[in-house]
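So the structure is just underneath, and the comments pick up after that.
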Amino acid sequence: MTRKHDIPRPPKELIDALKEIGAATVSGTLGHMGFRNPHMVGPVPQNRGKSIVGPALTLQFMPQRPDLFTEGEYADPETQLHRHVLYQVQEGDVVVVDARGDMSSGVFGDMMSTYFKGRGGAGIVIDGCMRDRPNVEKLDLPLWLRGWTPNYHVQTGIYPNAVNVPIACGGVTVIPGDIIVADDDGVVVVPVAMAPKVIEESQKHHDWEEFSRVKLMGVGSLQRYYPLHDDARKEYEEWRRTNRLGTT
């Protein structure tokens, strides 16, 4: 079992800038930059209307083997590595868990989730399940999961093997410190090195989409305004100068 205690966290200005951009726009921008599949397939929003942006702390589960892991939920709590990822949580962090898509083990429950929220965690993403849904829902904690189960985390066929190592979650590689962008559309992974370009390109896209939305609501031509045709760019620039999005 592997424990790595801390991660390099991205600059706060990158986090703040990405908070202004939705997961769909970020995903599309990454796609145009060559990152073909930044969206996690499996974890879905559990409380509509929540959105988070923050650095990833990672937890990896593996299939159980009796020579590597002895089940016992409370026998020696400190051998349970799902606790150790929570020890590292700082304000705004996102815990991302590769639970192998397992639908029968609840990675975290009421008490662990309470501790996570108390430390200021932004949200939890699990390619798998949680437990204690009635009490967890009272925490109003942003969650993206495959589902829920009454079983505890090692009750069936998986066990926590490593903390803050590269993982695969929902079919996407997640490196500790990657920026997680999640909302009602799902969860997107942004490599820190790509974040400044993603922000720049996403902001351009966001601005002309606002303009196009206004035009389409007024029954403007779809061919002209989505995507924005070169012939409409001068019109867009004039609109941008006279509206709240304008910077010149």
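Labeling convention for the structure tokens: chains A, B, ... as they appear, residues from 1 per chain, ligands from 1 in order of appearance.
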
Long-range neighbours of stretch 203-205 of chain A as a VMD selection string, 10 Å cut-off, only C-alpha atoms, 4 positions minimum in chain: chain A and resid 17 to 18 20 to 21 25 to 26 28 to 29 197 to 199 209 to 210 227 to 228

Selection above as a file: N, CA, C and O atoms, as a short mmCIF file (atom, residue, chain, number, x, y, z; two decimals), in the first residue's frame:
```
data_model
loop_
_atom_site.label_atom_id
_atom_site.label_comp_id
_atom_site.auth_asym_id
_atom_site.auth_seq_id
_atom_site.Cartn_x
_atom_site.Cartn_y
_atom_site.Cartn_z
N ALA A 17 -10.21 31.35 -12.25
CA ALA A 17 -10.60 31.59 -13.64
C ALA A 17 -11.46 30.46 -14.18
O ALA A 17 -12.44 30.69 -14.90
N LEU A 18 -11.13 29.22 -13.83
CA LEU A 18 -11.91 28.08 -14.32
C LEU A 18 -13.29 28.02 -13.68
O LEU A 18 -14.21 27.42 -14.25
N GLU A 20 -15.30 30.31 -13.61
CA GLU A 20 -16.19 31.10 -14.46
C GLU A 20 -16.59 30.37 -15.73
O GLU A 20 -17.35 30.91 -16.54
N ILE A 21 -16.10 29.14 -15.91
CA ILE A 21 -16.31 28.41 -17.16
C ILE A 21 -16.93 27.05 -16.84
O ILE A 21 -16.49 26.37 -15.92
N THR A 25 -17.86 23.65 -21.74
CA THR A 25 -16.95 24.51 -22.49
C THR A 25 -15.51 24.08 -22.30
O THR A 25 -14.72 24.04 -23.25
N VAL A 26 -15.15 23.74 -21.05
CA VAL A 26 -13.79 23.27 -20.78
C VAL A 26 -13.50 21.98 -21.55
O VAL A 26 -12.44 21.82 -22.16
N GLY A 28 -14.94 20.86 -24.32
CA GLY A 28 -14.84 21.15 -25.74
C GLY A 28 -13.52 21.80 -26.10
O GLY A 28 -12.89 21.47 -27.12
N THR A 29 -13.07 22.72 -25.24
CA THR A 29 -11.80 23.40 -25.48
C THR A 29 -10.64 22.41 -25.43
O THR A 29 -9.75 22.43 -26.29
N LYS A 197 -4.05 27.96 -21.25
CA LYS A 197 -4.58 28.00 -22.61
C LYS A 197 -6.06 27.66 -22.63
O LYS A 197 -6.84 28.25 -23.40
N VAL A 198 -6.48 26.70 -21.80
CA VAL A 198 -7.90 26.35 -21.70
C VAL A 198 -8.71 27.57 -21.28
O VAL A 198 -9.77 27.87 -21.84
N ILE A 199 -8.20 28.31 -20.29
CA ILE A 199 -8.91 29.50 -19.81
C ILE A 199 -9.01 30.54 -20.91
O ILE A 199 -10.08 31.12 -21.14
N GLU A 209 -20.43 33.00 -27.58
CA GLU A 209 -21.67 32.26 -27.36
C GLU A 209 -22.74 33.13 -26.73
O GLU A 209 -23.93 33.00 -27.04
N GLU A 210 -22.34 34.03 -25.84
CA GLU A 210 -23.31 34.95 -25.25
C GLU A 210 -23.94 35.82 -26.34
O GLU A 210 -25.16 36.03 -26.37
N PRO A 227 -21.83 27.90 -35.37
CA PRO A 227 -20.79 28.73 -34.73
C PRO A 227 -20.70 30.09 -35.39
O PRO A 227 -21.21 30.29 -36.50
N LEU A 228 -20.05 31.01 -34.74
CA LEU A 228 -19.98 32.38 -35.23
C LEU A 228 -19.24 32.42 -36.57
O LEU A 228 -18.08 32.05 -36.67
#
```

Looking only at helix (DSSP H, G or I) from DSSP on the backbone, list the matching residues of stretch 19-241 of chain A as a PyMOL selection string. chain A and resi 23-32+77-79+81-87+110-118+133-138+192-217+222-225+230-241

Per DSSP on the backbone, filter stretch 1-204 of chain A down to the residues in strand (DSSP E or B) and report them as number ranges by chain. A: 2-3, 39, 44-45, 52-63, 94-98, 106, 123-126, 129-130, 143-145, 147-148, 158-163, 167-169, 172-174, 179-183, 186-190

Compile the contact shell of A:Cys129 as an mmCIF file with N, CA, C and O atoms, in the first residue's frame: residues with an atom at most 10 Å away, counting only C-alpha atoms, same-chain residues fewer than 6 positions apart removed.
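Once everything was written out, this is selection35.cif:
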```cif
data_model
loop_
_atom_site.group_PDB
_atom_site.id
_atom_site.type_symbol
_atom_site.label_atom_id
_atom_site.label_comp_id
_atom_site.auth_asym_id
_atom_site.auth_seq_id
_atom_site.Cartn_x
_atom_site.Cartn_y
_atom_site.Cartn_z
ATOM 1 N N PRO A 43 -19.203 8.520 -13.061
ATOM 2 C CA PRO A 43 -19.642 9.393 -11.973
ATOM 3 C C PRO A 43 -20.601 10.477 -12.488
ATOM 4 O O PRO A 43 -20.287 11.191 -13.441
ATOM 5 N N VAL A 97 -11.630 9.266 -6.631
ATOM 6 C CA VAL A 97 -11.415 7.874 -6.244
ATOM 7 C C VAL A 97 -11.641 6.931 -7.421
ATOM 8 O O VAL A 97 -12.713 6.939 -8.045
ATOM 9 N N ALA A 99 -12.548 3.591 -7.782
ATOM 10 C CA ALA A 99 -13.122 2.431 -7.100
ATOM 11 C C ALA A 99 -13.507 1.346 -8.097
ATOM 12 O O ALA A 99 -14.347 0.496 -7.811
ATOM 13 N N GLY A 101 -15.291 1.202 -10.643
ATOM 14 C CA GLY A 101 -16.685 1.093 -11.062
ATOM 15 C C GLY A 101 -17.492 0.145 -10.212
ATOM 16 O O GLY A 101 -18.609 -0.231 -10.583
ATOM 17 N N ASP A 102 -16.954 -0.243 -9.055
ATOM 18 C CA ASP A 102 -17.617 -1.215 -8.174
ATOM 19 C C ASP A 102 -18.912 -0.626 -7.598
ATOM 20 O O ASP A 102 -18.899 0.479 -7.063
ATOM 21 N N MET A 103 -19.987 -1.392 -7.695
ATOM 22 C CA MET A 103 -21.301 -0.909 -7.245
ATOM 23 C C MET A 103 -21.731 -1.519 -5.919
ATOM 24 O O MET A 103 -22.875 -1.361 -5.502
ATOM 25 N N SER A 104 -20.821 -2.198 -5.231
ATOM 26 C CA SER A 104 -21.218 -2.887 -4.000
ATOM 27 C C SER A 104 -20.433 -2.454 -2.770
ATOM 28 O O SER A 104 -20.683 -2.968 -1.679
ATOM 29 N N SER A 105 -19.482 -1.521 -2.910
ATOM 30 C CA SER A 105 -18.702 -1.044 -1.764
ATOM 31 C C SER A 105 -18.828 0.468 -1.639
ATOM 32 O O SER A 105 -18.579 1.194 -2.604
ATOM 33 N N GLY A 106 -19.203 0.922 -0.452
ATOM 34 C CA GLY A 106 -19.346 2.355 -0.211
ATOM 35 C C GLY A 106 -18.031 2.960 0.251
ATOM 36 O O GLY A 106 -17.622 2.769 1.396
ATOM 37 N N VAL A 107 -17.364 3.697 -0.617
ATOM 38 C CA VAL A 107 -16.013 4.203 -0.336
ATOM 39 C C VAL A 107 -15.984 5.071 0.919
ATOM 40 O O VAL A 107 -15.134 4.900 1.792
ATOM 41 N N PHE A 108 -16.887 6.038 1.004
ATOM 42 C CA PHE A 108 -17.024 6.879 2.188
ATOM 43 C C PHE A 108 -18.471 6.837 2.654
ATOM 44 O O PHE A 108 -19.386 6.558 1.877
ATOM 45 N N GLY A 109 -18.655 7.153 3.936
ATOM 46 C CA GLY A 109 -19.996 7.260 4.490
ATOM 47 C C GLY A 109 -20.170 8.567 5.239
ATOM 48 O O GLY A 109 -19.447 9.553 5.005
ATOM 49 N N TRP A 144 -20.132 13.457 -7.107
ATOM 50 C CA TRP A 144 -20.304 12.828 -8.414
ATOM 51 C C TRP A 144 -19.946 11.359 -8.228
ATOM 52 O O TRP A 144 -18.785 11.016 -7.956
ATOM 53 N N LEU A 145 -20.936 10.474 -8.346
ATOM 54 C CA LEU A 145 -20.780 9.057 -8.032
ATOM 55 C C LEU A 145 -21.487 8.223 -9.078
ATOM 56 O O LEU A 145 -22.301 8.722 -9.850
ATOM 57 N N ARG A 146 -21.219 6.901 -9.033
ATOM 58 C CA ARG A 146 -22.027 5.965 -9.807
ATOM 59 C C ARG A 146 -23.325 5.620 -9.082
ATOM 60 O O ARG A 146 -24.319 5.278 -9.724
ATOM 61 N N GLY A 147 -23.310 5.659 -7.738
ATOM 62 C CA GLY A 147 -24.512 5.305 -7.001
ATOM 63 C C GLY A 147 -24.245 5.148 -5.517
ATOM 64 O O GLY A 147 -23.255 5.655 -4.984
ATOM 65 N N TRP A 148 -25.146 4.424 -4.849
ATOM 66 C CA TRP A 148 -25.134 4.272 -3.401
ATOM 67 C C TRP A 148 -25.283 2.800 -3.032
ATOM 68 O O TRP A 148 -25.861 2.019 -3.782
ATOM 69 N N THR A 149 -24.767 2.442 -1.861
ATOM 70 C CA THR A 149 -24.877 1.077 -1.357
ATOM 71 C C THR A 149 -24.857 1.120 0.168
ATOM 72 O O THR A 149 -24.282 2.040 0.754
ATOM 73 N N PRO A 150 -25.466 0.141 0.847
ATOM 74 C CA PRO A 150 -25.357 0.078 2.305
ATOM 75 C C PRO A 150 -24.047 -0.536 2.784
ATOM 76 O O PRO A 150 -23.730 -0.469 3.975
ATOM 77 N N ASN A 151 -23.260 -1.137 1.882
ATOM 78 C CA ASN A 151 -22.025 -1.825 2.279
ATOM 79 C C ASN A 151 -20.908 -0.843 2.590
ATOM 80 O O ASN A 151 -20.814 0.218 1.983
ATOM 81 N N TYR A 152 -20.024 -1.225 3.508
ATOM 82 C CA TYR A 152 -18.852 -0.397 3.766
ATOM 83 C C TYR A 152 -17.763 -0.690 2.740
ATOM 84 O O TYR A 152 -17.874 -1.583 1.909
ATOM 85 N N HIS A 153 -16.665 0.065 2.798
ATOM 86 C CA HIS A 153 -15.756 0.194 1.661
ATOM 87 C C HIS A 153 -15.009 -1.083 1.304
ATOM 88 O O HIS A 153 -14.622 -1.265 0.144
#
```

Distance criterion (only C-alpha atoms): nearest to A:Arg240 out of A:Asn37, A:Gln90, A:Thr58, A:Ser212: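 Of the candidates, the smallest distance to A:Arg240 is held by A:Ser212.
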
Restricting to only C-alpha atoms, whichever of A:Gly49, A:Pro134, A:Gly177, A:Gly34 is closest to A:Val89 is A:Gly177

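Minimum atom-to-atom distances from A:Val192, A:Ala168, A:Val154, A:Val41 to A:Pro8 were compared using only C-alpha atoms, and the lowest value belongs to A:Val192.
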
Go through A:Val165, A:Ile175, A:Val187, A:Leu68 and flag the residue nearest A:Ser51, using only C-alpha atoms for the distances.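 Counting only C-alpha atoms, the residue closest to A:Ser51 is A:Val187.
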
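From atom CA of A:Arg100 back to atom CA of A:Cys169, the distance works out to 7.8 Å.
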
What's around A:Lys50 at 8 Å? Count only C-alpha atoms, leave out sequence neighbours fewer than 3 positions away in its own chain, and write the answer as an NGL selection string. :A and (47 or 142 or 183-184)

What lies within 7 Å of A:Gly123 using only C-alpha atoms, ignoring chain neighbours under 3 positions off, as a ChimeraX atom specification? /A:52,94-95,141-143

Got time to write the residues from that selection, N, CA and C atoms, as a PDB file, in the first residue's frame?
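The resulting out-v4.pdb:
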```pdb
ATOM      1  N   ILE A  52     -18.009  22.657  -8.891  1.00  0.00           N
ATOM      2  CA  ILE A  52     -16.761  22.779  -8.147  1.00  0.00           C
ATOM      3  C   ILE A  52     -15.589  22.873  -9.112  1.00  0.00           C
ATOM      4  N   VAL A  94     -10.425  18.487  -4.041  1.00  0.00           N
ATOM      5  CA  VAL A  94     -11.406  17.512  -4.527  1.00  0.00           C
ATOM      6  C   VAL A  94     -10.791  16.120  -4.383  1.00  0.00           C
ATOM      7  N   VAL A  95     -11.474  15.228  -3.692  1.00  0.00           N
ATOM      8  CA  VAL A  95     -11.011  13.849  -3.587  1.00  0.00           C
ATOM      9  C   VAL A  95     -11.582  13.052  -4.753  1.00  0.00           C
ATOM     10  N   LEU A 141     -23.063  18.212   0.375  1.00  0.00           N
ATOM     11  CA  LEU A 141     -21.710  18.125  -0.157  1.00  0.00           C
ATOM     12  C   LEU A 141     -21.763  17.788  -1.640  1.00  0.00           C
ATOM     13  N   PRO A 142     -21.091  18.553  -2.509  1.00  0.00           N
ATOM     14  CA  PRO A 142     -21.101  18.233  -3.939  1.00  0.00           C
ATOM     15  C   PRO A 142     -20.479  16.859  -4.199  1.00  0.00           C
ATOM     16  N   LEU A 143     -21.248  15.985  -4.859  1.00  0.00           N
ATOM     17  CA  LEU A 143     -20.826  14.600  -5.096  1.00  0.00           C
ATOM     18  C   LEU A 143     -21.091  14.195  -6.537  1.00  0.00           C
TER      19      LEU A 143
END
```

Using only C-alpha atoms, which residues sit within 10 Å of A:Arg119 once same-chain residues fewer than 6 positions away are excluded, as a ChimeraX atom specification? /A:86-93,113

Using only C-alpha atoms, please write the residues we just selected to a file, as a compact mmCIF listing (two decimals), in the first residue's frame.
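Final file, again02.txt:
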```
# COMPACT_ATOMS: atom_id res chain seq x y z
CA LEU A 86 -8.83 12.72 3.85
CA TYR A 87 -5.97 13.62 6.20
CA GLN A 88 -4.40 15.55 3.31
CA VAL A 89 -7.47 17.65 2.47
CA GLN A 90 -7.06 21.41 2.39
CA GLU A 91 -9.75 23.98 1.66
CA GLY A 92 -10.98 23.66 -1.92
CA ASP A 93 -9.53 20.20 -2.61
CA SER A 113 -17.89 12.85 4.63
```

Might you pull out every residue within 9 Å of A:Leu59, with only C-alpha atoms counted and same-chain residues fewer than 3 positions away left off, and present them as a list in words?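 Listed by chain and then number, they are Leu81, His82, His84, Val85, Val95, Val96, Val97, Asp98, Ala99, Pro160, Asn161, Ala162, Val163, Asn164, Val165, Pro166 and Ile167 of chain A.
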
Report the distance between atom CA of A:Pro38 and atom CA of A:Pro10 in Å, rounded to one decimal place.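 Separation between atom CA of A:Pro38 and atom CA of A:Pro10: 18.0 Å.
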
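Between atom CA of A:Met40 and atom CA of A:Tyr226 there is a distance of 26.8 Å.
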
Shortest interatomic distance to A:Gln155 - which of A:Pro63, A:Gly220, A:Gly186, A:Pro176, counting only C-alpha atoms: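 Of A:Pro63, A:Gly220, A:Gly186, A:Pro176, the one nearest A:Gln155 is A:Pro63, counting only C-alpha atoms.
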